[in-house]
Amino acid sequence: MTVEEFEEFYAQAVARLTGQLYVMTGDLQEAQDVVQEAFVKAWVRRGRLERDGRPEAWIRTVAWRLAVSRWRFRRRSADAWDRGSGAPEHVAPPDPDHVVLVEALRGLPAQQRRTLTLHYLCDLTVEQIAGETGLSTSTIKTHLVRGRAALAHRLRDPRMEEAPDV
């Protein structure tokens, strides 16, 4: 992949990948950071990416792994903080302007959220998701079914439910 081809690929894919990682992580700034870092890693191996034929999937996978590594680091740091001088007493509530869907997605386990994103946002088949994540197709199907059910439950409007018979 030439420099010009990589720049064109970047221009076409960066917004889409950032959006996908935003849905997966629930944090726009984190998504932007990990996608940029994944593109930096891709730059070094751009020749191999072209031969593999799936550079977008490679970047998405690397970005996801970077996000997971950052979560683990933050978790370990928070645990160390809790063991040390104590946790802060007050945490600000979530911003009320967050989209309801993003909040519902954040409530899902990370693998369900990732699987739903890859299937619905990235338009990947179950087999493609299995190849990208290293999970079996039956596990992917299970994540999709459970994720959809959890989202349906979280997104239901109580005003739309029928009143019980009196």
# chains A, B, ... in the order shown; residues from 1 in each chain; ligands from 1
>>> residues_around(residues="segment 33-35 of chain A", least_positions_apart="3", cutoff="10 Å", atoms="only C-alpha atoms", output="list in words")
Val14, Ala15, Leu17, Thr18, Gly19, Gln20, Leu21, Tyr22, Leu28, Gln29, Glu30, Ala38, Phe39, Val40, Lys41, Ile59, Arg60, Thr61, Val62, Ala63, Trp64, Arg65, Leu66, Ala67, Val68 and Arg70 of chain A
>>> write_last_selection(atoms="N, CA, C and O atoms", output="CSV table (one decimal), in the first residue's frame")
chain,number,residue,atom,x,y,z
A,14,VAL,N,-11.6,6.5,8.8
A,14,VAL,CA,-11.3,6.9,10.2
A,14,VAL,C,-12.6,7.3,10.8
A,14,VAL,O,-12.9,6.9,12.0
A,15,ALA,N,-13.5,8.0,10.2
A,15,ALA,CA,-14.8,8.4,10.8
A,15,ALA,C,-15.7,7.2,11.1
A,15,ALA,O,-16.2,7.0,12.2
A,17,LEU,N,-14.7,4.0,11.6
A,17,LEU,CA,-14.0,3.2,12.6
A,17,LEU,C,-14.2,3.9,14.0
A,17,LEU,O,-14.5,3.2,15.0
A,18,THR,N,-14.1,5.2,14.0
A,18,THR,CA,-14.2,5.9,15.3
A,18,THR,C,-15.7,5.8,15.8
A,18,THR,O,-15.9,5.6,17.0
A,19,GLY,N,-16.6,5.9,14.9
A,19,GLY,CA,-18.0,5.7,15.3
A,19,GLY,C,-18.3,4.3,15.8
A,19,GLY,O,-19.0,4.1,16.8
A,20,GLN,N,-17.7,3.3,15.2
A,20,GLN,CA,-17.8,1.9,15.6
A,20,GLN,C,-17.2,1.7,17.0
A,20,GLN,O,-17.8,1.1,17.9
A,21,LEU,N,-16.0,2.2,17.2
A,21,LEU,CA,-15.4,2.1,18.5
A,21,LEU,C,-16.1,2.9,19.6
A,21,LEU,O,-16.1,2.5,20.7
A,22,TYR,N,-16.7,4.0,19.2
A,22,TYR,CA,-17.5,4.8,20.1
A,22,TYR,C,-18.6,4.0,20.7
A,22,TYR,O,-18.9,3.9,21.9
A,28,LEU,N,-16.4,8.7,23.4
A,28,LEU,CA,-15.9,9.2,22.1
A,28,LEU,C,-14.5,9.5,22.1
A,28,LEU,O,-13.7,9.2,21.1
A,29,GLN,N,-14.0,10.2,23.1
A,29,GLN,CA,-12.6,10.5,23.2
A,29,GLN,C,-11.7,9.3,23.2
A,29,GLN,O,-10.7,9.2,22.5
A,30,GLU,N,-12.1,8.3,23.9
A,30,GLU,CA,-11.4,7.0,24.0
A,30,GLU,C,-11.3,6.4,22.6
A,30,GLU,O,-10.3,5.9,22.1
A,38,ALA,N,-4.3,2.9,16.5
A,38,ALA,CA,-4.3,1.7,15.6
A,38,ALA,C,-3.8,2.1,14.2
A,38,ALA,O,-3.1,1.3,13.5
A,39,PHE,N,-4.2,3.3,13.7
A,39,PHE,CA,-3.7,3.7,12.4
A,39,PHE,C,-2.2,3.9,12.4
A,39,PHE,O,-1.5,3.7,11.4
A,40,VAL,N,-1.7,4.4,13.5
A,40,VAL,CA,-0.2,4.6,13.6
A,40,VAL,C,0.5,3.2,13.5
A,40,VAL,O,1.5,3.0,12.8
A,41,LYS,N,-0.1,2.2,14.2
A,41,LYS,CA,0.5,0.9,14.1
A,41,LYS,C,0.3,0.3,12.7
A,41,LYS,O,1.1,-0.4,12.2
A,59,ILE,N,-7.5,-2.9,11.8
A,59,ILE,CA,-7.4,-1.7,12.6
A,59,ILE,C,-8.5,-1.7,13.7
A,59,ILE,O,-8.3,-1.3,14.8
A,60,ARG,N,-9.7,-2.1,13.3
A,60,ARG,CA,-10.8,-2.2,14.3
A,60,ARG,C,-10.4,-3.2,15.5
A,60,ARG,O,-10.6,-2.9,16.6
A,61,THR,N,-9.8,-4.3,15.1
A,61,THR,CA,-9.4,-5.3,16.2
A,61,THR,C,-8.3,-4.7,17.0
A,61,THR,O,-8.3,-4.8,18.3
A,62,VAL,N,-7.3,-4.0,16.4
A,62,VAL,CA,-6.2,-3.4,17.2
A,62,VAL,C,-6.8,-2.3,18.1
A,62,VAL,O,-6.4,-2.2,19.3
A,63,ALA,N,-7.7,-1.5,17.6
A,63,ALA,CA,-8.2,-0.4,18.4
A,63,ALA,C,-9.0,-1.0,19.6
A,63,ALA,O,-8.9,-0.5,20.7
A,64,TRP,N,-9.8,-2.1,19.3
A,64,TRP,CA,-10.5,-2.7,20.4
A,64,TRP,C,-9.6,-3.2,21.5
A,64,TRP,O,-9.8,-3.0,22.7
A,65,ARG,N,-8.5,-3.9,21.1
A,65,ARG,CA,-7.5,-4.4,22.0
A,65,ARG,C,-6.8,-3.3,22.8
A,65,ARG,O,-6.6,-3.4,24.0
A,66,LEU,N,-6.6,-2.2,22.1
A,66,LEU,CA,-6.0,-1.0,22.8
A,66,LEU,C,-7.0,-0.5,23.9
A,66,LEU,O,-6.5,-0.2,25.0
A,67,ALA,N,-8.2,-0.4,23.5
A,67,ALA,CA,-9.3,0.0,24.5
A,67,ALA,C,-9.3,-0.9,25.7
A,67,ALA,O,-9.4,-0.4,26.8
A,68,VAL,N,-9.3,-2.2,25.4
A,68,VAL,CA,-9.4,-3.1,26.5
A,68,VAL,C,-8.1,-3.0,27.4
A,68,VAL,O,-8.3,-3.0,28.7
A,70,ARG,N,-6.4,-0.3,27.9
A,70,ARG,CA,-6.6,0.9,28.7
A,70,ARG,C,-7.6,0.7,29.9
A,70,ARG,O,-7.3,1.2,30.9
>>> closest_residue(among="A:Met1, A:Gly131, A:Glu103, A:Ala31", to="Gly53 of chain A", atoms="only C-alpha atoms")
A:Met1
>>> residues_around(residues="segment 114-125 of chain A", least_positions_apart="2", cutoff="8 Å", atoms="only C-alpha atoms", output="list in words")
Gln20, Val23, Met24, Ala110, Gln111, Gln112, Glu127, Gln128, Ile129, Ile140, His143, Leu144, Gly147 and Arg148 of chain A
>>> write_last_selection(atoms="N, CA and C atoms", output="compact mmCIF listing (two decimals), in the first residue's frame")
# COMPACT_ATOMS: atom_id res chain seq x y z
N GLN A 20 -17.68 3.29 15.16
CA GLN A 20 -17.84 1.91 15.61
C GLN A 20 -17.22 1.71 17.00
N VAL A 23 -19.31 3.27 19.77
CA VAL A 23 -20.42 2.42 20.20
C VAL A 23 -19.90 1.29 21.08
N MET A 24 -18.77 0.73 20.72
CA MET A 24 -18.21 -0.38 21.49
C MET A 24 -17.76 0.06 22.88
N ALA A 110 -19.27 -6.13 27.85
CA ALA A 110 -18.42 -5.64 26.75
C ALA A 110 -18.48 -6.53 25.52
N GLN A 111 -18.48 -7.85 25.68
CA GLN A 111 -18.51 -8.73 24.51
C GLN A 111 -19.84 -8.64 23.77
N GLN A 112 -20.95 -8.51 24.50
CA GLN A 112 -22.24 -8.34 23.83
C GLN A 112 -22.27 -7.03 23.06
N GLU A 127 -20.09 -15.26 10.94
CA GLU A 127 -18.80 -15.90 10.64
C GLU A 127 -17.66 -14.88 10.62
N GLN A 128 -17.92 -13.70 10.05
CA GLN A 128 -16.89 -12.66 10.02
C GLN A 128 -16.56 -12.18 11.44
N ILE A 129 -17.58 -12.04 12.27
CA ILE A 129 -17.35 -11.63 13.66
C ILE A 129 -16.53 -12.68 14.38
N ILE A 140 -20.99 -16.20 19.29
CA ILE A 140 -21.41 -14.94 18.66
C ILE A 140 -22.93 -14.88 18.62
N HIS A 143 -24.26 -14.15 22.05
CA HIS A 143 -24.08 -12.73 22.40
C HIS A 143 -25.11 -11.86 21.69
N LEU A 144 -25.40 -12.16 20.43
CA LEU A 144 -26.39 -11.38 19.68
C LEU A 144 -27.78 -11.52 20.28
N GLY A 147 -27.77 -9.91 23.80
CA GLY A 147 -27.61 -8.46 23.68
C GLY A 147 -28.88 -7.80 23.19
N ARG A 148 -29.51 -8.39 22.17
CA ARG A 148 -30.78 -7.83 21.66
C ARG A 148 -31.86 -7.86 22.73
>>> select_by_dssp(residues="segment 18-130 of chain A", states="helix (DSSP H, G or I)", output="count of residues only")
85
>>> closest_residue(among="A:Glu5, A:Thr137, A:Ala149, A:His90", to="Leu49 of chain A", atoms="only C-alpha atoms")
A:Glu5
>>> closest_residue(among="A:Trp43, A:Pro55, A:Gln32, A:Val102", to="Glu7 of chain A", atoms="only C-alpha atoms")
A:Trp43
>>> closest_residue(among="A:Leu108, A:Lys141, A:Ala130, A:Arg154", to="Gly26 of chain A", atoms="only C-alpha atoms")
A:Leu108
